[in-house]
$ cat run03.pdb   # PDB, C-alpha atoms, pLDDT in the B column
ATOM      1  CA  MET A   1     -82.466 153.787  57.194  1.00 73.00           C
ATOM      2  CA  ASN A   2     -80.640 155.563  54.413  1.00 84.00           C
ATOM      3  CA  TRP A   3     -77.098 154.967  53.185  1.00 88.00           C
ATOM      4  CA  GLY A   4     -75.643 157.866  55.234  1.00 88.00           C
ATOM      5  CA  TYR A   5     -76.464 156.102  58.510  1.00 90.00           C
ATOM      6  CA  LYS A   6     -75.021 152.834  57.226  1.00 91.00           C
ATOM      7  CA  ILE A   7     -71.725 154.578  56.382  1.00 93.00           C
ATOM      8  CA  LEU A   8     -71.678 156.212  59.840  1.00 93.00           C
ATOM      9  CA  ILE A   9     -72.310 152.871  61.592  1.00 94.00           C
ATOM     10  CA  GLY A  10     -69.661 151.127  59.485  1.00 94.00           C
ATOM     11  CA  PHE A  11     -67.085 153.843  60.142  1.00 94.00           C
ATOM     12  CA  SER A  12     -67.868 153.870  63.880  1.00 96.00           C
ATOM     13  CA  THR A  13     -67.479 150.075  64.032  1.00 96.00           C
ATOM     14  CA  PHE A  14     -64.138 150.319  62.239  1.00 96.00           C
ATOM     15  CA  VAL A  15     -62.848 152.988  64.644  1.00 96.00           C
ATOM     16  CA  ALA A  16     -63.989 150.950  67.686  1.00 96.00           C
ATOM     17  CA  CYS A  17     -62.171 147.849  66.368  1.00 96.00           C
ATOM     18  CA  MET A  18     -59.005 149.856  65.727  1.00 97.00           C
ATOM     19  CA  LEU A  19     -59.083 151.280  69.265  1.00 96.00           C
ATOM     20  CA  CYS A  20     -59.499 147.770  70.707  1.00 95.00           C
ATOM     21  CA  MET A  21     -56.545 146.505  68.662  1.00 95.00           C
ATOM     22  CA  VAL A  22     -54.379 149.413  69.831  1.00 95.00           C
ATOM     23  CA  GLY A  23     -55.333 148.666  73.456  1.00 93.00           C
ATOM     24  CA  VAL A  24     -54.396 144.979  73.099  1.00 93.00           C
ATOM     25  CA  ALA A  25     -51.114 145.850  71.355  1.00 90.00           C
ATOM     26  CA  MET A  26     -50.158 148.283  74.137  1.00 88.00           C
ATOM     27  CA  LYS A  27     -50.441 145.487  76.729  1.00 87.00           C
ATOM     28  CA  GLN A  28     -48.053 143.147  74.868  1.00 82.00           C
ATOM     29  CA  SER A  29     -44.443 142.877  75.996  1.00 75.00           C
ATOM     30  CA  ASN A  30     -41.745 143.175  73.366  1.00 69.00           C
ATOM     31  CA  GLU A  31     -38.880 141.384  75.075  1.00 69.00           C
ATOM     32  CA  MET A  32     -36.002 140.091  73.014  1.00 65.00           C
ATOM     33  CA  ILE A  33     -34.595 136.716  73.967  1.00 65.00           C
ATOM     34  CA  ASP A  34     -31.186 138.304  74.614  1.00 66.00           C
ATOM     35  CA  ASP A  35     -30.037 141.729  75.675  1.00 71.00           C
ATOM     36  CA  ASN A  36     -27.533 143.120  73.165  1.00 74.00           C
ATOM     37  CA  TYR A  37     -28.806 140.642  70.587  1.00 72.00           C
ATOM     38  CA  TYR A  38     -27.141 142.300  67.605  1.00 75.00           C
ATOM     39  CA  GLU A  39     -23.715 142.536  69.249  1.00 76.00           C
ATOM     40  CA  LYS A  40     -23.902 138.841  70.171  1.00 73.00           C
ATOM     41  CA  GLU A  41     -24.825 137.910  66.606  1.00 74.00           C
ATOM     42  CA  LEU A  42     -21.689 139.601  65.307  1.00 74.00           C
ATOM     43  CA  LYS A  43     -19.631 137.248  67.500  1.00 79.00           C
ATOM     44  CA  TYR A  44     -21.554 134.122  66.468  1.00 83.00           C
ATOM     45  CA  GLN A  45     -18.554 132.612  64.658  1.00 86.00           C
ATOM     46  CA  ASP A  46     -16.917 132.179  68.071  1.00 88.00           C
ATOM     47  CA  LYS A  47     -19.872 130.015  69.143  1.00 89.00           C
ATOM     48  CA  ILE A  48     -19.622 127.961  65.967  1.00 91.00           C
ATOM     49  CA  ASP A  49     -15.931 127.328  66.638  1.00 91.00           C
ATOM     50  CA  ALA A  50     -16.645 126.446  70.292  1.00 92.00           C
ATOM     51  CA  SER A  51     -19.368 124.002  69.187  1.00 93.00           C
ATOM     52  CA  LYS A  52     -16.889 122.356  66.813  1.00 94.00           C
ATOM     53  CA  ASN A  53     -14.414 122.040  69.690  1.00 93.00           C
ATOM     54  CA  LEU A  54     -17.058 120.229  71.751  1.00 93.00           C
ATOM     55  CA  SER A  55     -18.080 117.914  68.912  1.00 93.00           C
ATOM     56  CA  ALA A  56     -14.421 116.915  68.414  1.00 93.00           C
ATOM     57  CA  VAL A  57     -14.334 115.428  71.943  1.00 92.00           C
ATOM     58  CA  ALA A  58     -14.981 111.668  72.104  1.00 90.00           C
ATOM     59  CA  GLN A  59     -17.165 111.710  75.230  1.00 91.00           C
ATOM     60  CA  LYS A  60     -20.462 113.498  74.718  1.00 91.00           C
ATOM     61  CA  LEU A  61     -22.162 116.031  76.968  1.00 92.00           C
ATOM     62  CA  SER A  62     -25.339 114.760  78.625  1.00 93.00           C
ATOM     63  CA  ILE A  63     -28.219 116.557  80.285  1.00 92.00           C
ATOM     64  CA  THR A  64     -30.654 114.408  82.267  1.00 91.00           C
ATOM     65  CA  ASP A  65     -33.793 115.174  84.211  1.00 88.00           C
ATOM     66  CA  SER A  66     -33.605 113.266  87.509  1.00 84.00           C
ATOM     67  CA  GLY A  67     -36.674 114.009  89.590  1.00 84.00           C
ATOM     68  CA  ASN A  68     -36.095 117.291  91.420  1.00 90.00           C
ATOM     69  CA  VAL A  69     -32.802 118.135  89.701  1.00 93.00           C
ATOM     70  CA  VAL A  70     -31.296 118.544  86.241  1.00 93.00           C
ATOM     71  CA  VAL A  71     -27.876 116.910  85.953  1.00 94.00           C
ATOM     72  CA  LEU A  72     -25.286 118.289  83.524  1.00 94.00           C
ATOM     73  CA  GLN A  73     -22.438 115.914  82.703  1.00 93.00           C
ATOM     74  CA  LEU A  74     -19.617 117.638  80.854  1.00 93.00           C
ATOM     75  CA  PRO A  75     -17.033 115.535  79.018  1.00 92.00           C
ATOM     76  CA  LEU A  76     -13.957 114.986  81.207  1.00 90.00           C
ATOM     77  CA  ALA A  77     -11.645 116.132  78.407  1.00 89.00           C
ATOM     78  CA  THR A  78     -13.294 119.572  78.489  1.00 91.00           C
ATOM     79  CA  ILE A  79     -12.834 120.314  82.193  1.00 89.00           C
ATOM     80  CA  GLY A  80      -9.843 121.133  84.340  1.00 84.00           C
ATOM     81  CA  ASN A  81      -8.738 123.148  87.344  1.00 81.00           C
ATOM     82  CA  ASN A  82      -9.186 126.429  85.494  1.00 84.00           C
ATOM     83  CA  THR A  83     -12.605 125.762  83.925  1.00 88.00           C
ATOM     84  CA  THR A  84     -14.750 128.903  83.827  1.00 92.00           C
ATOM     85  CA  GLY A  85     -18.037 129.485  82.124  1.00 94.00           C
ATOM     86  CA  THR A  86     -21.728 130.180  82.331  1.00 95.00           C
ATOM     87  CA  ILE A  87     -25.009 128.321  82.185  1.00 95.00           C
ATOM     88  CA  GLU A  88     -27.811 130.363  80.653  1.00 93.00           C
ATOM     89  CA  CYS A  89     -31.347 129.038  80.862  1.00 92.00           C
ATOM     90  CA  ILE A  90     -33.379 131.453  78.793  1.00 91.00           C
ATOM     91  CA  ARG A  91     -37.162 131.416  78.919  1.00 89.00           C
ATOM     92  CA  SER A  92     -38.472 133.089  75.783  1.00 82.00           C
ATOM     93  CA  ALA A  93     -41.936 133.568  77.267  1.00 79.00           C
ATOM     94  CA  GLU A  94     -40.700 135.724  80.189  1.00 82.00           C
ATOM     95  CA  GLN A  95     -37.276 137.277  80.459  1.00 83.00           C
ATOM     96  CA  LYS A  96     -37.729 137.709  84.227  1.00 86.00           C
ATOM     97  CA  LYS A  97     -37.696 133.905  84.633  1.00 88.00           C
ATOM     98  CA  ASP A  98     -34.251 133.459  83.016  1.00 91.00           C
ATOM     99  CA  VAL A  99     -31.657 131.602  85.104  1.00 92.00           C
ATOM    100  CA  MET A 100     -27.951 132.524  84.852  1.00 93.00           C
ATOM    101  CA  LEU A 101     -25.347 130.438  86.722  1.00 93.00           C
ATOM    102  CA  HIS A 102     -21.605 129.881  86.743  1.00 94.00           C
ATOM    103  CA  ILE A 103     -20.240 126.476  85.814  1.00 93.00           C
ATOM    104  CA  GLN A 104     -19.053 124.727  88.979  1.00 91.00           C
ATOM    105  CA  VAL A 105     -18.493 121.098  88.075  1.00 90.00           C
ATOM    106  CA  ASP A 106     -17.095 118.451  90.409  1.00 89.00           C
ATOM    107  CA  ALA A 107     -14.102 116.221  89.598  1.00 87.00           C
ATOM    108  CA  THR A 108     -16.283 113.954  87.440  1.00 89.00           C
ATOM    109  CA  GLY A 109     -17.584 116.856  85.329  1.00 89.00           C
ATOM    110  CA  LYS A 110     -21.042 116.825  86.896  1.00 93.00           C
ATOM    111  CA  GLN A 111     -23.128 119.809  87.936  1.00 93.00           C
ATOM    112  CA  VAL A 112     -26.550 119.542  89.545  1.00 94.00           C
ATOM    113  CA  LEU A 113     -29.192 122.223  88.993  1.00 93.00           C
ATOM    114  CA  PRO A 114     -32.139 122.099  91.411  1.00 93.00           C
ATOM    115  CA  LYS A 115     -35.529 122.523  89.731  1.00 92.00           C
ATOM    116  CA  THR A 116     -36.486 125.073  92.376  1.00 92.00           C
ATOM    117  CA  LEU A 117     -34.543 127.598  90.266  1.00 92.00           C
ATOM    118  CA  PHE A 118     -37.004 127.126  87.397  1.00 92.00           C
ATOM    119  CA  VAL A 119     -40.700 127.393  86.667  1.00 92.00           C
ATOM    120  CA  ASN A 120     -42.493 124.832  84.520  1.00 91.00           C
ATOM    121  CA  GLY A 121     -41.922 125.428  80.850  1.00 90.00           C
ATOM    122  CA  VAL A 122     -39.448 125.479  78.004  1.00 92.00           C
ATOM    123  CA  TYR A 123     -35.988 126.999  78.360  1.00 93.00           C
ATOM    124  CA  GLN A 124     -33.172 127.503  75.881  1.00 93.00           C
ATOM    125  CA  LEU A 125     -30.128 126.049  77.657  1.00 94.00           C
ATOM    126  CA  ARG A 126     -26.748 127.507  76.666  1.00 94.00           C
ATOM    127  CA  LEU A 127     -23.525 126.175  78.133  1.00 94.00           C
ATOM    128  CA  ASN A 128     -20.451 128.259  77.416  1.00 94.00           C
ATOM    129  CA  TRP A 129     -17.116 127.413  79.070  1.00 94.00           C
ATOM    130  CA  VAL A 130     -13.355 127.708  78.599  1.00 94.00           C
ATOM    131  CA  THR A 131     -10.682 125.261  79.749  1.00 92.00           C
ATOM    132  CA  ASN A 132      -6.963 125.798  79.099  1.00 89.00           C
ATOM    133  CA  GLY A 133      -7.725 128.455  76.494  1.00 90.00           C
ATOM    134  CA  THR A 134     -10.126 126.231  74.509  1.00 93.00           C
ATOM    135  CA  ALA A 135     -13.729 127.404  74.299  1.00 94.00           C
ATOM    136  CA  TYR A 136     -16.715 125.031  74.313  1.00 95.00           C
ATOM    137  CA  PHE A 137     -20.363 125.776  73.603  1.00 95.00           C
ATOM    138  CA  HIS A 138     -23.552 123.726  73.713  1.00 94.00           C
ATOM    139  CA  GLN A 139     -27.145 124.784  73.147  1.00 94.00           C
ATOM    140  CA  GLN A 140     -30.364 122.804  73.430  1.00 93.00           C
ATOM    141  CA  VAL A 141     -33.979 123.036  74.473  1.00 94.00           C
ATOM    142  CA  LEU A 142     -34.710 122.112  78.086  1.00 91.00           C
ATOM    143  CA  ASN A 143     -38.279 121.304  79.127  1.00 91.00           C
ATOM    144  CA  ILE A 144     -38.770 121.649  82.884  1.00 90.00           C
ATOM    145  CA  ARG A 145     -41.622 119.719  84.505  1.00 87.00           C
ATOM    146  CA  LYS A 146     -41.811 119.624  88.282  1.00 78.00           C
TER
END
$ encode --input "run03.pdb" --output "structure tokens"
Amino acid sequence: MNWGYKILIGFSTFVACMLCMVGVAMKQSNEMIDDNYYEKELKYQDKIDASKNLSAVAQKLSITDSGNVVVLQLPLATIGNNTTGTIECIRSAEQKKDVMLHIQVDATGKQVLPKTLFVNGVYQLRLNWVTNGTAYFHQQVLNIRK
């Protein structure tokens, strides 16, 4: 076999590898963790201020895994009759599995999230709420195991 055939085989192998890589890349999803990511980043100072508001409260927020439910316990000083906000459970692996809820705490500041809303895996939990004009924000990793 002369060198011309070796070059042809090498070039053909290279082209076949490139086509395989293009095929694999076409099947990948390119989801961002948030829609409107760049607009939200411009408002990030608001989240920093809301996190500082939460850290200034004496009672701390707690998130516990209790069997078939996840229990959120908000500090009593941060809730009231006009508390509004959202709970975002963002799954970075699949955007379709994200869970978005409204904060609906009871008089003790507790909200129960059933695990049937989730699939097993890691979520980025973001709590964002406002009471009496004061904003609060908390973010942490939540690992769901059923």
$ axis_aligned_box --input "run03.pdb" --around "region 42-51 of chain A" --padding-each-side "8 Å" --output "AutoDock Vina command-line options"
--center_x -18.8 --center_y 131.8 --center_z 67.5 --size_x 21.8 --size_y 31.6 --size_z 21.6
$ atom_distance --input "run03.pdb" --atom1 "CA of His138 (chain A)" --atom2 "CA of Ser51 (chain A)"
6.2 Å
$ closest_residue --input "run03.pdb" --among "A:Val69, A:Ala93, A:Ala50, A:Leu117" --to "Trp129 (chain A)" --atoms "all atoms listed in the file"
A:Ala50
$ resolve_selection --input "run03.pdb" --expression "the PyMOL selection byres ((chain A and resi 32-46) around 8)" --output "number ranges by chain"
A: 30-31, 47-50, 90-92, 95
$ resolve_selection --input "run03.pdb" --expression "the PyMOL selection byres ((chain A and resi 142) around 10)" --output "PDB file with C-alpha atoms, in the frame of the given file"
ATOM      1  CA  ILE A  63     -28.219 116.557  80.285  1.00 92.00           C
ATOM      2  CA  THR A  64     -30.654 114.408  82.267  1.00 91.00           C
ATOM      3  CA  ASP A  65     -33.793 115.174  84.211  1.00 88.00           C
ATOM      4  CA  VAL A  70     -31.296 118.544  86.241  1.00 93.00           C
ATOM      5  CA  CYS A  89     -31.347 129.038  80.862  1.00 92.00           C
ATOM      6  CA  ILE A  90     -33.379 131.453  78.793  1.00 91.00           C
ATOM      7  CA  ARG A  91     -37.162 131.416  78.919  1.00 89.00           C
ATOM      8  CA  GLY A 121     -41.922 125.428  80.850  1.00 90.00           C
ATOM      9  CA  VAL A 122     -39.448 125.479  78.004  1.00 92.00           C
ATOM     10  CA  TYR A 123     -35.988 126.999  78.360  1.00 93.00           C
ATOM     11  CA  GLN A 124     -33.172 127.503  75.881  1.00 93.00           C
ATOM     12  CA  LEU A 125     -30.128 126.049  77.657  1.00 94.00           C
ATOM     13  CA  ARG A 126     -26.748 127.507  76.666  1.00 94.00           C
ATOM     14  CA  GLN A 139     -27.145 124.784  73.147  1.00 94.00           C
ATOM     15  CA  GLN A 140     -30.364 122.804  73.430  1.00 93.00           C
ATOM     16  CA  VAL A 141     -33.979 123.036  74.473  1.00 94.00           C
ATOM     17  CA  ASN A 143     -38.279 121.304  79.127  1.00 91.00           C
ATOM     18  CA  ILE A 144     -38.770 121.649  82.884  1.00 90.00           C
ATOM     19  CA  ARG A 145     -41.622 119.719  84.505  1.00 87.00           C
TER      20      ARG A 145
END
$ closest_residue --input "run03.pdb" --among "A:Asn68, A:Val15, A:Met100, A:Ser55" --to "Val112 (chain A)" --atoms "all atoms listed in the file"
A:Asn68
$ atom_distance --input "run03.pdb" --atom1 "CA of Pro75 (chain A)" --atom2 "CA of Gln104 (chain A)"
13.7 Å
$ atom_distance --input "run03.pdb" --atom1 "CA of Val119 (chain A)" --atom2 "CA of Lys97 (chain A)"
7.5 Å
$ closest_residue --input "run03.pdb" --among "A:Thr131, A:Asn120, A:Pro114, A:Thr13" --to "Gly67 (chain A)" --atoms "only C-alpha atoms"
A:Pro114
$ residues_around --input "run03.pdb" --residues "His102 (chain A)" --least-positions-apart "3" --cutoff "8 Å" --atoms "all atoms listed in the file" --output "PyMOL selection string"
chain A and resi 84-87
$ closest_residue --input "run03.pdb" --among "A:Ser12, A:Gly23, A:Ile103, A:Tyr136" --to "Ala77 (chain A)" --atoms "only C-alpha atoms"
A:Tyr136
$ closest_residue --input "run03.pdb" --among "A:Gln28, A:Ser62, A:Thr78, A:Thr108" --to "Asn128 (chain A)" --atoms "only C-alpha atoms"
A:Thr78
$ resolve_selection --input "run03.pdb" --expression "the PyMOL selection byres ((chain A and resi 73) around 7)" --output "list in words"
Leu61, Ser62, Ile63, Val71, Leu72, Leu74, Pro75, Gly109, Lys110 and Gln111 of chain A
$ decode --input "run03.pdb" --residues "region 71-134 of chain A" --atoms "C-alpha atoms" --output "mmCIF file, in the first residue's frame"
data_model
loop_
_atom_site.group_PDB
_atom_site.id
_atom_site.type_symbol
_atom_site.label_atom_id
_atom_site.label_comp_id
_atom_site.auth_asym_id
_atom_site.auth_seq_id
_atom_site.Cartn_x
_atom_site.Cartn_y
_atom_site.Cartn_z
ATOM 1 C CA VAL A 71 -41.357 21.275 54.809
ATOM 2 C CA LEU A 72 -40.452 24.956 54.441
ATOM 3 C CA GLN A 73 -40.443 26.935 57.682
ATOM 4 C CA LEU A 74 -40.212 30.668 57.088
ATOM 5 C CA PRO A 75 -39.233 32.956 59.964
ATOM 6 C CA LEU A 76 -42.340 34.403 61.640
ATOM 7 C CA ALA A 77 -40.948 37.937 61.379
ATOM 8 C CA THR A 78 -40.958 37.633 57.576
ATOM 9 C CA ILE A 79 -44.602 36.641 57.114
ATOM 10 C CA GLY A 80 -47.876 38.479 57.485
ATOM 11 C CA ASN A 81 -51.371 38.747 56.065
ATOM 12 C CA ASN A 82 -50.098 40.243 52.820
ATOM 13 C CA THR A 83 -47.199 37.843 52.159
ATOM 14 C CA THR A 84 -46.797 37.106 48.448
ATOM 15 C CA GLY A 85 -44.047 35.281 46.672
ATOM 16 C CA THR A 86 -42.873 32.319 44.673
ATOM 17 C CA ILE A 87 -41.102 29.027 45.193
ATOM 18 C CA GLU A 88 -38.955 28.008 42.240
ATOM 19 C CA CYS A 89 -37.494 24.520 42.176
ATOM 20 C CA ILE A 90 -35.238 24.503 39.150
ATOM 21 C CA ARG A 91 -33.828 21.262 37.796
ATOM 22 C CA SER A 92 -30.772 22.076 35.710
ATOM 23 C CA ALA A 93 -30.800 18.676 34.014
ATOM 24 C CA GLU A 94 -34.298 19.135 32.510
ATOM 25 C CA GLN A 95 -36.185 22.394 32.328
ATOM 26 C CA LYS A 96 -39.467 20.508 31.820
ATOM 27 C CA LYS A 97 -39.184 19.124 35.375
ATOM 28 C CA ASP A 98 -39.035 22.577 37.031
ATOM 29 C CA VAL A 99 -41.630 23.238 39.744
ATOM 30 C CA MET A 100 -43.051 26.757 40.245
ATOM 31 C CA LEU A 101 -45.415 27.448 43.171
ATOM 32 C CA HIS A 102 -46.839 30.398 45.065
ATOM 33 C CA ILE A 103 -45.958 30.844 48.718
ATOM 34 C CA GLN A 104 -48.978 29.890 50.830
ATOM 35 C CA VAL A 105 -47.759 29.579 54.396
ATOM 36 C CA ASP A 106 -49.958 28.872 57.409
ATOM 37 C CA ALA A 107 -50.043 31.015 60.570
ATOM 38 C CA THR A 108 -46.833 29.393 61.842
ATOM 39 C CA GLY A 109 -44.917 30.164 58.632
ATOM 40 C CA LYS A 110 -44.934 26.569 57.414
ATOM 41 C CA GLN A 111 -45.550 25.332 53.890
ATOM 42 C CA VAL A 112 -45.578 21.672 52.905
ATOM 43 C CA LEU A 113 -44.487 20.565 49.432
ATOM 44 C CA PRO A 114 -45.458 16.996 48.502
ATOM 45 C CA LYS A 115 -42.661 15.024 46.835
ATOM 46 C CA THR A 116 -45.099 13.892 44.154
ATOM 47 C CA LEU A 117 -44.419 17.263 42.488
ATOM 48 C CA PHE A 118 -40.770 16.299 41.976
ATOM 49 C CA VAL A 119 -38.677 13.603 40.358
ATOM 50 C CA ASN A 120 -35.582 12.206 42.047
ATOM 51 C CA GLY A 121 -32.613 14.483 41.645
ATOM 52 C CA VAL A 122 -31.055 17.818 42.462
ATOM 53 C CA TYR A 123 -33.028 21.059 42.327
ATOM 54 C CA GLN A 124 -32.016 24.667 42.854
ATOM 55 C CA LEU A 125 -34.582 25.974 45.352
ATOM 56 C CA ARG A 126 -35.300 29.716 45.223
ATOM 57 C CA LEU A 127 -37.681 31.347 47.670
ATOM 58 C CA ASN A 128 -38.631 34.915 46.851
ATOM 59 C CA TRP A 129 -41.310 36.715 48.890
ATOM 60 C CA VAL A 130 -42.447 40.173 49.990
ATOM 61 C CA THR A 131 -44.128 41.120 53.266
ATOM 62 C CA ASN A 132 -45.129 44.698 54.124
ATOM 63 C CA GLY A 133 -42.942 46.059 51.332
ATOM 64 C CA THR A 134 -39.807 44.190 52.487
#
